[in-house]
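Single-structure report; data block below.
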Amino acid sequence: MTSINEKATTLLELHRPGNPVILPTVWDAWSANLAVSAGFQALTVGSHPVSDSIGKPDNEGITFDELLHRISQITAAVELPLSVDIESGYGLEPARLIEGLIGAGAVGLNIEDTVHSEGGRLREAQEHADFVGGLRQAADAAGVHMVVNARTDLFVKQVGDESDRVDRAIARLKLAAEAGADVLYPVGRHDDATQKRLTSELPLPVNAIGLPDQDDPASFGPLGVARVSFGPFFQAALAAHAATLLGRWS
C-alpha cells in the first residue's frame, strides 16, 4: 500500500499550472470507485455532495466526525490521494482537524473563509491566513505535508464592491500563501480575463471549478489553472441523468 506521505507528495506534485490535475469531486466509496475506473490520479471530497448523500444540509450541517466516517469508507475503498473539503473547520482547532484527516487517510484539505458556525461571516484576511498557518503547523508537527487549499468566498458571496473584488481576493490569498497554503482557490465562475489575472498574479497553483457536463477540459490549461474540481456539479449532473432515467418508469 502507498504510504500517506507518498500520497501527499503525489497530490502536491500533480498541481502544474497550465497542465491542471482534474480532481473529480466524490462523496462516497461508490462515486470514488467510478472516478478510479475512469482513470483519474487523485480525488477530492466535497462537503455539499457528502451532506446531500446523508440527507443533511451543506454549510456544516454535518459534524466533523460524520465527515471522517465517510472519508474512512472512501480511503478503505480506493488507493488514490484524497483531498477533503472541511468547510470552515467545524469550529475546531487546526490540530484536531489535521489529526482527524490523517487518521482517516486524507492527504489534502480545502479550508474556506466563511465561518458557518458564526452566522456565515467572512473571516478577516489575516484571520483566515492565521487559520491556514495553524493547519500547516499542525500538519508539520504530525509529519505529513497535508496539501492545504486555501479558499476565499469573496466571489460567490459577492462581498464588497465588484470593482476591486479581484484585488481583494488576490491580497487575501497572498496572505494565505505566506501562511503555508499550497494551493489557492478563488472559488467561483470567472471569465477568461479574470481567471488569467488570478493565475498570473497569485504566487501558488490556482484551483478552478469545472462543470463536468458543460466545460471543455482543455480550456483550463491555457488560463494557467493548476487544479480543477467539480464542487457539487458532478453529483448534480448525475442526479439530472438519473431523473431522466427514472422518469421513463414513473
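Ordering of the C-alpha cells sets the chain letters (A, B, ...), residue numbers begin anew at 1 in every chain, and ligands are numbered from 1 in the order given.
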Q | For A:Ser51: contacts at 10 Å, only C-alpha atoms, fewer than 4 positions along chain excluded, given as a list in words | A |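 That gives Trp27, Gly46, Ser47, Gly55, Lys56, Pro57, Asp58, Asn59, Glu60, Gly61, Ile62, Thr63, Glu66 and Leu67 of chain A.
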Could you name the residues that touch A:Leu198 at 12 Å or less, counting only C-alpha atoms, but leaving out those on the same chain fewer than 4 positions away, as an mmCIF file with all heavy atoms, in the first residue's frame?
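Result written to part.cif:
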data_model
loop_
_atom_site.group_PDB
_atom_site.id
_atom_site.type_symbol
_atom_site.label_atom_id
_atom_site.label_comp_id
_atom_site.auth_asym_id
_atom_site.auth_seq_id
_atom_site.Cartn_x
_atom_site.Cartn_y
_atom_site.Cartn_z
ATOM 1 N N PRO A 17 0.627 24.367 -13.043
ATOM 2 C CA PRO A 17 -0.045 25.446 -13.772
ATOM 3 C C PRO A 17 0.064 25.264 -15.282
ATOM 4 O O PRO A 17 1.147 25.004 -15.810
ATOM 5 C CB PRO A 17 0.702 26.698 -13.308
ATOM 6 C CG PRO A 17 1.208 26.345 -11.949
ATOM 7 C CD PRO A 17 1.583 24.882 -12.042
ATOM 8 N N ARG A 165 -12.951 43.671 -6.302
ATOM 9 C CA ARG A 165 -13.068 42.346 -5.699
ATOM 10 C C ARG A 165 -11.885 41.453 -6.050
ATOM 11 O O ARG A 165 -11.379 40.704 -5.211
ATOM 12 C CB ARG A 165 -14.388 41.688 -6.113
ATOM 13 C CG ARG A 165 -14.728 40.438 -5.293
ATOM 14 C CD ARG A 165 -16.130 39.969 -5.615
ATOM 15 N NE ARG A 165 -17.136 40.928 -5.179
ATOM 16 C CZ ARG A 165 -18.257 41.199 -5.845
ATOM 17 N NH1 ARG A 165 -18.517 40.580 -6.983
ATOM 18 N NH2 ARG A 165 -19.111 42.082 -5.378
ATOM 19 N N VAL A 166 -11.431 41.513 -7.282
ATOM 20 C CA VAL A 166 -10.283 40.697 -7.682
ATOM 21 C C VAL A 166 -9.047 41.122 -6.894
ATOM 22 O O VAL A 166 -8.290 40.276 -6.406
ATOM 23 C CB VAL A 166 -10.032 40.791 -9.198
ATOM 24 C CG1 VAL A 166 -8.765 40.016 -9.576
ATOM 25 C CG2 VAL A 166 -11.222 40.240 -9.977
ATOM 26 N N ASP A 167 -8.849 42.423 -6.744
ATOM 27 C CA ASP A 167 -7.710 42.920 -5.965
ATOM 28 C C ASP A 167 -7.758 42.385 -4.537
ATOM 29 O O ASP A 167 -6.741 41.934 -3.984
ATOM 30 C CB ASP A 167 -7.722 44.452 -5.913
ATOM 31 C CG ASP A 167 -7.476 45.086 -7.260
ATOM 32 O OD1 ASP A 167 -6.766 44.493 -8.083
ATOM 33 O OD2 ASP A 167 -8.006 46.195 -7.484
ATOM 34 N N ARG A 168 -8.934 42.430 -3.931
ATOM 35 C CA ARG A 168 -9.072 41.987 -2.543
ATOM 36 C C ARG A 168 -8.881 40.484 -2.419
ATOM 37 O O ARG A 168 -8.306 40.002 -1.446
ATOM 38 C CB ARG A 168 -10.436 42.418 -1.985
ATOM 39 C CG ARG A 168 -10.515 43.925 -1.720
ATOM 40 C CD ARG A 168 -11.828 44.367 -1.109
ATOM 41 N NE ARG A 168 -12.926 44.343 -2.061
ATOM 42 C CZ ARG A 168 -13.956 43.505 -2.022
ATOM 43 N NH1 ARG A 168 -14.034 42.601 -1.048
ATOM 44 N NH2 ARG A 168 -14.913 43.560 -2.924
ATOM 45 N N ALA A 169 -9.375 39.743 -3.400
ATOM 46 C CA ALA A 169 -9.184 38.285 -3.370
ATOM 47 C C ALA A 169 -7.706 37.924 -3.497
ATOM 48 O O ALA A 169 -7.207 37.035 -2.786
ATOM 49 C CB ALA A 169 -9.979 37.639 -4.501
ATOM 50 N N ILE A 170 -7.007 38.612 -4.384
ATOM 51 C CA ILE A 170 -5.579 38.345 -4.557
ATOM 52 C C ILE A 170 -4.816 38.671 -3.279
ATOM 53 O O ILE A 170 -3.973 37.887 -2.818
ATOM 54 C CB ILE A 170 -5.033 39.140 -5.759
ATOM 55 C CG1 ILE A 170 -5.569 38.543 -7.065
ATOM 56 C CG2 ILE A 170 -3.502 39.150 -5.762
ATOM 57 C CD1 ILE A 170 -5.265 39.359 -8.305
ATOM 58 N N ALA A 171 -5.115 39.818 -2.675
ATOM 59 C CA ALA A 171 -4.436 40.194 -1.436
ATOM 60 C C ALA A 171 -4.705 39.181 -0.324
ATOM 61 O O ALA A 171 -3.794 38.791 0.420
ATOM 62 C CB ALA A 171 -4.887 41.591 -1.001
ATOM 63 N N ARG A 172 -5.947 38.753 -0.224
ATOM 64 C CA ARG A 172 -6.343 37.776 0.803
ATOM 65 C C ARG A 172 -5.616 36.443 0.595
ATOM 66 O O ARG A 172 -5.095 35.846 1.546
ATOM 67 C CB ARG A 172 -7.862 37.597 0.732
ATOM 68 C CG ARG A 172 -8.455 36.570 1.679
ATOM 69 C CD ARG A 172 -9.975 36.605 1.585
ATOM 70 N NE ARG A 172 -10.506 37.776 2.265
ATOM 71 C CZ ARG A 172 -11.088 37.747 3.464
ATOM 72 N NH1 ARG A 172 -11.224 36.594 4.113
ATOM 73 N NH2 ARG A 172 -11.554 38.838 4.022
ATOM 74 N N LEU A 173 -5.583 35.982 -0.638
ATOM 75 C CA LEU A 173 -4.973 34.684 -0.913
ATOM 76 C C LEU A 173 -3.451 34.743 -0.830
ATOM 77 O O LEU A 173 -2.810 33.736 -0.503
ATOM 78 C CB LEU A 173 -5.426 34.164 -2.273
ATOM 79 C CG LEU A 173 -6.904 33.754 -2.329
ATOM 80 C CD1 LEU A 173 -7.319 33.389 -3.748
ATOM 81 C CD2 LEU A 173 -7.192 32.587 -1.380
ATOM 82 N N LYS A 174 -2.868 35.898 -1.095
ATOM 83 C CA LYS A 174 -1.417 36.029 -0.906
ATOM 84 C C LYS A 174 -1.051 35.866 0.563
ATOM 85 O O LYS A 174 -0.019 35.262 0.896
ATOM 86 C CB LYS A 174 -0.934 37.381 -1.433
ATOM 87 C CG LYS A 174 -0.775 37.429 -2.943
ATOM 88 C CD LYS A 174 -0.215 38.774 -3.400
ATOM 89 C CE LYS A 174 0.060 38.777 -4.895
ATOM 90 N NZ LYS A 174 0.579 40.102 -5.349
ATOM 91 N N LEU A 184 -4.344 27.786 -4.029
ATOM 92 C CA LEU A 184 -5.236 28.896 -3.735
ATOM 93 C C LEU A 184 -6.507 28.751 -4.561
ATOM 94 O O LEU A 184 -6.455 28.437 -5.753
ATOM 95 C CB LEU A 184 -4.543 30.226 -4.043
ATOM 96 C CG LEU A 184 -3.226 30.432 -3.291
ATOM 97 C CD1 LEU A 184 -2.525 31.693 -3.772
ATOM 98 C CD2 LEU A 184 -3.440 30.478 -1.777
ATOM 99 N N TYR A 185 -7.646 29.014 -3.913
ATOM 100 C CA TYR A 185 -8.940 28.704 -4.525
ATOM 101 C C TYR A 185 -9.874 29.907 -4.451
ATOM 102 O O TYR A 185 -10.656 30.036 -3.503
ATOM 103 C CB TYR A 185 -9.539 27.494 -3.809
ATOM 104 C CG TYR A 185 -10.745 26.871 -4.455
ATOM 105 C CD1 TYR A 185 -11.167 27.201 -5.738
ATOM 106 C CD2 TYR A 185 -11.477 25.907 -3.756
ATOM 107 C CE1 TYR A 185 -12.274 26.602 -6.312
ATOM 108 C CE2 TYR A 185 -12.586 25.299 -4.326
ATOM 109 C CZ TYR A 185 -12.980 25.648 -5.594
ATOM 110 O OH TYR A 185 -14.082 25.044 -6.161
ATOM 111 N N PRO A 186 -9.829 30.796 -5.447
ATOM 112 C CA PRO A 186 -10.801 31.890 -5.522
ATOM 113 C C PRO A 186 -12.098 31.357 -6.119
ATOM 114 O O PRO A 186 -12.400 31.567 -7.293
ATOM 115 C CB PRO A 186 -10.112 32.898 -6.437
ATOM 116 C CG PRO A 186 -9.241 32.062 -7.328
ATOM 117 C CD PRO A 186 -8.838 30.859 -6.521
ATOM 118 N N VAL A 187 -12.860 30.650 -5.317
ATOM 119 C CA VAL A 187 -13.983 29.859 -5.817
ATOM 120 C C VAL A 187 -15.011 30.748 -6.519
ATOM 121 O O VAL A 187 -15.317 31.853 -6.077
ATOM 122 C CB VAL A 187 -14.632 29.041 -4.679
ATOM 123 C CG1 VAL A 187 -15.274 29.923 -3.636
ATOM 124 C CG2 VAL A 187 -15.644 28.040 -5.223
ATOM 125 N N GLY A 188 -15.515 30.246 -7.628
ATOM 126 C CA GLY A 188 -16.496 30.959 -8.429
ATOM 127 C C GLY A 188 -16.246 30.691 -9.899
ATOM 128 O O GLY A 188 -15.246 30.079 -10.278
ATOM 129 N N HIS A 190 -15.347 32.360 -13.306
ATOM 130 C CA HIS A 190 -14.702 33.584 -13.742
ATOM 131 C C HIS A 190 -14.598 33.643 -15.262
ATOM 132 O O HIS A 190 -14.407 32.609 -15.923
ATOM 133 C CB HIS A 190 -13.295 33.677 -13.146
ATOM 134 C CG HIS A 190 -13.249 33.493 -11.668
ATOM 135 N ND1 HIS A 190 -13.883 34.350 -10.790
ATOM 136 C CD2 HIS A 190 -12.660 32.542 -10.892
ATOM 137 C CE1 HIS A 190 -13.671 33.953 -9.551
ATOM 138 N NE2 HIS A 190 -12.937 32.847 -9.591
ATOM 139 N N ASP A 191 -14.679 34.851 -15.793
ATOM 140 C CA ASP A 191 -14.399 34.993 -17.218
ATOM 141 C C ASP A 191 -12.909 34.776 -17.448
ATOM 142 O O ASP A 191 -12.101 34.773 -16.511
ATOM 143 C CB ASP A 191 -14.855 36.356 -17.736
ATOM 144 C CG ASP A 191 -14.184 37.528 -17.034
ATOM 145 O OD1 ASP A 191 -12.940 37.562 -16.944
ATOM 146 O OD2 ASP A 191 -14.903 38.417 -16.559
ATOM 147 N N ASP A 192 -12.530 34.574 -18.703
ATOM 148 C CA ASP A 192 -11.148 34.209 -19.013
ATOM 149 C C ASP A 192 -10.155 35.268 -18.536
ATOM 150 O O ASP A 192 -9.084 34.925 -18.001
ATOM 151 C CB ASP A 192 -10.978 33.984 -20.512
ATOM 152 C CG ASP A 192 -11.613 32.691 -20.996
ATOM 153 O OD1 ASP A 192 -12.150 31.935 -20.152
ATOM 154 O OD2 ASP A 192 -11.573 32.432 -22.220
ATOM 155 N N ALA A 193 -10.482 36.539 -18.716
ATOM 156 C CA ALA A 193 -9.559 37.599 -18.324
ATOM 157 C C ALA A 193 -9.317 37.590 -16.818
ATOM 158 O O ALA A 193 -8.167 37.734 -16.359
ATOM 159 C CB ALA A 193 -10.094 38.956 -18.766
ATOM 160 N N THR A 194 -10.387 37.393 -16.048
ATOM 161 C CA THR A 194 -10.238 37.348 -14.595
ATOM 162 C C THR A 194 -9.446 36.119 -14.176
ATOM 163 O O THR A 194 -8.555 36.203 -13.311
ATOM 164 C CB THR A 194 -11.621 37.343 -13.913
ATOM 165 O OG1 THR A 194 -12.315 38.533 -14.260
ATOM 166 C CG2 THR A 194 -11.487 37.243 -12.407
ATOM 167 N N LEU A 202 -1.312 35.404 -8.579
ATOM 168 C CA LEU A 202 -1.210 34.626 -7.346
ATOM 169 C C LEU A 202 0.071 33.799 -7.365
ATOM 170 O O LEU A 202 0.470 33.280 -8.410
ATOM 171 C CB LEU A 202 -2.440 33.733 -7.168
ATOM 172 C CG LEU A 202 -3.719 34.487 -6.800
ATOM 173 C CD1 LEU A 202 -4.932 33.567 -6.858
ATOM 174 C CD2 LEU A 202 -3.593 35.113 -5.409
ATOM 175 N N PRO A 203 0.725 33.639 -6.215
ATOM 176 C CA PRO A 203 2.048 33.027 -6.178
ATOM 177 C C PRO A 203 2.073 31.497 -6.109
ATOM 178 O O PRO A 203 3.150 30.905 -6.087
ATOM 179 C CB PRO A 203 2.654 33.614 -4.899
ATOM 180 C CG PRO A 203 1.471 33.815 -3.997
ATOM 181 C CD PRO A 203 0.346 34.224 -4.902
ATOM 182 N N LEU A 204 0.896 30.877 -6.056
ATOM 183 C CA LEU A 204 0.816 29.419 -5.925
ATOM 184 C C LEU A 204 -0.149 28.864 -6.967
ATOM 185 O O LEU A 204 -0.901 29.620 -7.591
ATOM 186 C CB LEU A 204 0.317 29.044 -4.519
ATOM 187 C CG LEU A 204 1.239 29.332 -3.338
ATOM 188 C CD1 LEU A 204 0.520 29.030 -2.028
ATOM 189 C CD2 LEU A 204 2.532 28.534 -3.435
ATOM 190 N N PRO A 205 -0.163 27.543 -7.169
ATOM 191 C CA PRO A 205 -1.144 26.936 -8.076
ATOM 192 C C PRO A 205 -2.563 27.330 -7.712
ATOM 193 O O PRO A 205 -2.907 27.443 -6.524
ATOM 194 C CB PRO A 205 -0.920 25.432 -7.874
ATOM 195 C CG PRO A 205 0.509 25.319 -7.455
ATOM 196 C CD PRO A 205 0.764 26.527 -6.611
ATOM 197 N N VAL A 206 -3.379 27.527 -8.740
ATOM 198 C CA VAL A 206 -4.754 28.003 -8.547
ATOM 199 C C VAL A 206 -5.750 26.913 -8.919
ATOM 200 O O VAL A 206 -5.618 26.254 -9.948
ATOM 201 C CB VAL A 206 -5.013 29.273 -9.385
ATOM 202 C CG1 VAL A 206 -6.493 29.659 -9.354
ATOM 203 C CG2 VAL A 206 -4.147 30.423 -8.872
ATOM 204 N N ASN A 207 -6.737 26.740 -8.061
ATOM 205 C CA ASN A 207 -7.850 25.806 -8.247
ATOM 206 C C ASN A 207 -9.004 26.539 -8.929
ATOM 207 O O ASN A 207 -9.378 27.636 -8.521
ATOM 208 C CB ASN A 207 -8.284 25.298 -6.872
ATOM 209 C CG ASN A 207 -9.291 24.164 -6.877
ATOM 210 O OD1 ASN A 207 -9.488 23.511 -5.862
ATOM 211 N ND2 ASN A 207 -9.954 23.890 -7.987
ATOM 212 N N ALA A 208 -9.569 25.938 -9.975
ATOM 213 C CA ALA A 208 -10.771 26.462 -10.614
ATOM 214 C C ALA A 208 -11.865 25.416 -10.506
ATOM 215 O O ALA A 208 -11.601 24.214 -10.341
ATOM 216 C CB ALA A 208 -10.506 26.799 -12.077
ATOM 217 N N LEU A 223 -5.464 28.985 -19.398
ATOM 218 C CA LEU A 223 -5.739 30.047 -18.427
ATOM 219 C C LEU A 223 -4.785 29.993 -17.237
ATOM 220 O O LEU A 223 -4.884 30.822 -16.328
ATOM 221 C CB LEU A 223 -7.184 29.950 -17.940
ATOM 222 C CG LEU A 223 -8.262 30.038 -19.014
ATOM 223 C CD1 LEU A 223 -9.649 29.853 -18.402
ATOM 224 C CD2 LEU A 223 -8.184 31.370 -19.753
ATOM 225 N N GLY A 224 -3.865 29.021 -17.236
ATOM 226 C CA GLY A 224 -2.885 28.918 -16.170
ATOM 227 C C GLY A 224 -3.346 28.155 -14.947
ATOM 228 O O GLY A 224 -2.641 28.105 -13.931
ATOM 229 N N VAL A 225 -4.522 27.549 -15.025
ATOM 230 C CA VAL A 225 -5.074 26.799 -13.887
ATOM 231 C C VAL A 225 -4.222 25.559 -13.603
ATOM 232 O O VAL A 225 -3.700 24.927 -14.530
ATOM 233 C CB VAL A 225 -6.536 26.408 -14.196
ATOM 234 C CG1 VAL A 225 -7.086 25.450 -13.153
ATOM 235 C CG2 VAL A 225 -7.401 27.659 -14.286
ATOM 236 N N ALA A 226 -4.088 25.214 -12.321
ATOM 237 C CA ALA A 226 -3.303 24.041 -11.922
ATOM 238 C C ALA A 226 -4.158 22.906 -11.373
ATOM 239 O O ALA A 226 -3.665 21.781 -11.239
ATOM 240 C CB ALA A 226 -2.273 24.435 -10.865
#
Q.
as a PyMOL selection string, please: every residue in stretch 183-250 of chain A that a backbone DSSP assignment puts in strand (DSSP E or B).
A. chain A and resi 183-186+206-209+227-229
Q: Compile the contact shell of stretch 138-151 of chain A as a list in words: residues with an atom at most 7 Å away, counting only C-alpha atoms, same-chain residues fewer than 3 positions apart removed.
A: Asn5, Ala8, Leu12, Pro94, Ala95, Ile98, Val107, Gly108, Leu109, Asn110, Ile111, Glu112, Asp113, Gly134, Leu135, Ala176, Ala181, Asp182, Val183, Leu184, Tyr185, Pro186 and Val187 of chain A
(Q) One number please: atom CA of A:Ile22 to atom CA of A:Ala236, in Å, one decimal. (A)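 If I compute the distance from atom CA of A:Ile22 to atom CA of A:Ala236, I get 17.6 Å.
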Q: Excluding A:Asp65 and any residue of its chain fewer than 6 positions from it, enumerate the residues within 12 Å of it, using only C-alpha atoms, and give them as a ChimeraX atom specification.
A: /A:71-72,86,89-90,92,96-97,99-101,103-104
Q: Find the residues around A:Arg123 up to 7 Å (only C-alpha atoms counted), leave out those fewer than 4 positions away in its own chain, and share them as a list in words.
A: Asp113, Thr114, Val115, Glu127 and His128 of chain A
Q | Residues flagged helix (DSSP H, G or I) by DSSP in stretch 22-104 of chain A, as a ChimeraX atom specification | A | /A:29-37,47-53,64-77,94-104
Q. Residues at most 9 Å from A:Pro24, counting only C-alpha atoms, excluding those fewer than 4 positions away in the same chain, as a list of chain:residue names?
A. A:Ala32, A:Ala35, A:Phe40, A:Ala42, A:Leu43, A:Thr44, A:Val45, A:Pro212, A:Val228, A:Ser229, A:Phe230, A:Gly231, A:Phe234
Next, the residues of the selection above should be written as an mmCIF file, in the first residue's frame with N, CA, C and O atoms.
data_model
loop_
_atom_site.group_PDB
_atom_site.id
_atom_site.type_symbol
_atom_site.label_atom_id
_atom_site.label_comp_id
_atom_site.auth_asym_id
_atom_site.auth_seq_id
_atom_site.Cartn_x
_atom_site.Cartn_y
_atom_site.Cartn_z
ATOM 1 N N ALA A 32 -16.332 7.345 -5.662
ATOM 2 C CA ALA A 32 -14.874 7.300 -5.747
ATOM 3 C C ALA A 32 -14.416 6.196 -6.684
ATOM 4 O O ALA A 32 -13.499 6.381 -7.500
ATOM 5 N N ALA A 35 -14.718 7.187 -10.279
ATOM 6 C CA ALA A 35 -13.618 8.037 -10.726
ATOM 7 C C ALA A 35 -12.334 7.239 -10.929
ATOM 8 O O ALA A 35 -11.583 7.484 -11.879
ATOM 9 N N PHE A 40 -8.657 8.573 -13.183
ATOM 10 C CA PHE A 40 -8.134 9.781 -12.559
ATOM 11 C C PHE A 40 -7.015 9.442 -11.575
ATOM 12 O O PHE A 40 -6.914 8.317 -11.090
ATOM 13 N N ALA A 42 -6.192 11.374 -8.689
ATOM 14 C CA ALA A 42 -6.471 11.790 -7.308
ATOM 15 C C ALA A 42 -7.920 12.254 -7.253
ATOM 16 O O ALA A 42 -8.554 12.482 -8.291
ATOM 17 N N LEU A 43 -8.428 12.412 -6.038
ATOM 18 C CA LEU A 43 -9.840 12.750 -5.847
ATOM 19 C C LEU A 43 -9.979 13.828 -4.789
ATOM 20 O O LEU A 43 -9.095 14.018 -3.953
ATOM 21 N N THR A 44 -11.116 14.510 -4.827
ATOM 22 C CA THR A 44 -11.465 15.407 -3.734
ATOM 23 C C THR A 44 -12.881 15.085 -3.270
ATOM 24 O O THR A 44 -13.707 14.615 -4.054
ATOM 25 N N VAL A 45 -13.133 15.314 -2.004
ATOM 26 C CA VAL A 45 -14.449 15.082 -1.413
ATOM 27 C C VAL A 45 -15.082 16.438 -1.125
ATOM 28 O O VAL A 45 -14.467 17.298 -0.497
ATOM 29 N N PRO A 212 -18.682 19.478 -15.092
ATOM 30 C CA PRO A 212 -18.259 18.278 -15.819
ATOM 31 C C PRO A 212 -19.090 17.960 -17.049
ATOM 32 O O PRO A 212 -18.603 17.290 -17.960
ATOM 33 N N VAL A 228 -8.487 21.497 -11.205
ATOM 34 C CA VAL A 228 -9.910 21.663 -11.484
ATOM 35 C C VAL A 228 -10.682 20.673 -10.637
ATOM 36 O O VAL A 228 -10.378 19.470 -10.629
ATOM 37 N N SER A 229 -11.668 21.163 -9.896
ATOM 38 C CA SER A 229 -12.564 20.287 -9.143
ATOM 39 C C SER A 229 -13.996 20.644 -9.525
ATOM 40 O O SER A 229 -14.246 21.660 -10.160
ATOM 41 N N PHE A 230 -14.930 19.802 -9.137
ATOM 42 C CA PHE A 230 -16.302 19.927 -9.632
ATOM 43 C C PHE A 230 -17.294 20.467 -8.607
ATOM 44 O O PHE A 230 -18.457 20.691 -8.952
ATOM 45 N N GLY A 231 -16.874 20.652 -7.357
ATOM 46 C CA GLY A 231 -17.839 21.087 -6.346
ATOM 47 C C GLY A 231 -19.039 20.153 -6.322
ATOM 48 O O GLY A 231 -18.895 18.926 -6.417
ATOM 49 N N PHE A 234 -20.789 17.567 -10.232
ATOM 50 C CA PHE A 234 -20.758 16.187 -10.725
ATOM 51 C C PHE A 234 -21.971 15.430 -10.197
ATOM 52 O O PHE A 234 -22.698 14.770 -10.948
#
Tell me, as a PDB file with N, CA and C atoms, in the first residue's frame, which residues lie within 12 Å of A:Trp30, counting only C-alpha atoms; anything in the same chain fewer than 5 positions away does not count.
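Listing of result.pdb after writing:
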ATOM      1  N   ALA A  35     -14.718   7.187 -10.279  1.00  0.00           N
ATOM      2  CA  ALA A  35     -13.618   8.037 -10.726  1.00  0.00           C
ATOM      3  C   ALA A  35     -12.334   7.239 -10.929  1.00  0.00           C
ATOM      4  N   VAL A  36     -12.079   6.290 -10.049  1.00  0.00           N
ATOM      5  CA  VAL A  36     -10.900   5.435 -10.211  1.00  0.00           C
ATOM      6  C   VAL A  36     -10.989   4.648 -11.519  1.00  0.00           C
ATOM      7  N   SER A  37     -12.161   4.084 -11.789  1.00  0.00           N
ATOM      8  CA  SER A  37     -12.352   3.300 -13.016  1.00  0.00           C
ATOM      9  C   SER A  37     -12.165   4.152 -14.267  1.00  0.00           C
ATOM     10  N   SER A  53     -25.744  13.383   0.405  1.00  0.00           N
ATOM     11  CA  SER A  53     -25.822  11.922   0.371  1.00  0.00           C
ATOM     12  C   SER A  53     -26.356  11.323   1.658  1.00  0.00           C
ATOM     13  N   ARG A  70     -17.195   9.049   6.645  1.00  0.00           N
ATOM     14  CA  ARG A  70     -17.311   8.881   5.200  1.00  0.00           C
ATOM     15  C   ARG A  70     -15.935   8.829   4.541  1.00  0.00           C
ATOM     16  N   GLN A  73     -14.419   5.446   4.858  1.00  0.00           N
ATOM     17  CA  GLN A  73     -15.012   4.495   3.919  1.00  0.00           C
ATOM     18  C   GLN A  73     -14.404   4.646   2.527  1.00  0.00           C
ATOM     19  N   ILE A  74     -14.170   5.885   2.116  1.00  0.00           N
ATOM     20  CA  ILE A  74     -13.605   6.125   0.789  1.00  0.00           C
ATOM     21  C   ILE A  74     -12.158   5.643   0.721  1.00  0.00           C
ATOM     22  N   THR A  75     -11.354   5.993   1.713  1.00  0.00           N
ATOM     23  CA  THR A  75      -9.945   5.605   1.667  1.00  0.00           C
ATOM     24  C   THR A  75      -9.765   4.095   1.839  1.00  0.00           C
ATOM     25  N   ALA A  76     -10.736   3.442   2.442  1.00  0.00           N
ATOM     26  CA  ALA A  76     -10.680   1.977   2.522  1.00  0.00           C
ATOM     27  C   ALA A  76     -10.987   1.338   1.177  1.00  0.00           C
ATOM     28  N   ALA A  77     -11.698   2.067   0.319  1.00  0.00           N
ATOM     29  CA  ALA A  77     -12.141   1.517  -0.964  1.00  0.00           C
ATOM     30  C   ALA A  77     -11.196   1.836  -2.118  1.00  0.00           C
ATOM     31  N   VAL A  78     -10.480   2.965  -2.021  1.00  0.00           N
ATOM     32  CA  VAL A  78      -9.612   3.380  -3.123  1.00  0.00           C
ATOM     33  C   VAL A  78      -8.252   3.792  -2.575  1.00  0.00           C
ATOM     34  N   GLN A 235     -22.217  15.549  -8.901  1.00  0.00           N
ATOM     35  CA  GLN A 235     -23.384  14.890  -8.315  1.00  0.00           C
ATOM     36  C   GLN A 235     -24.669  15.421  -8.944  1.00  0.00           C
TER      37      GLN A 235
END
Q: Figure out the distance between atom CA of A:Val84 and atom CA of A:Glu6, please, to one decimal in Å.
A: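 So the answer is 17.0 Å.
Here atom CA of A:Leu82 stands at a distance of 12.3 Å from atom CA of A:Leu68.
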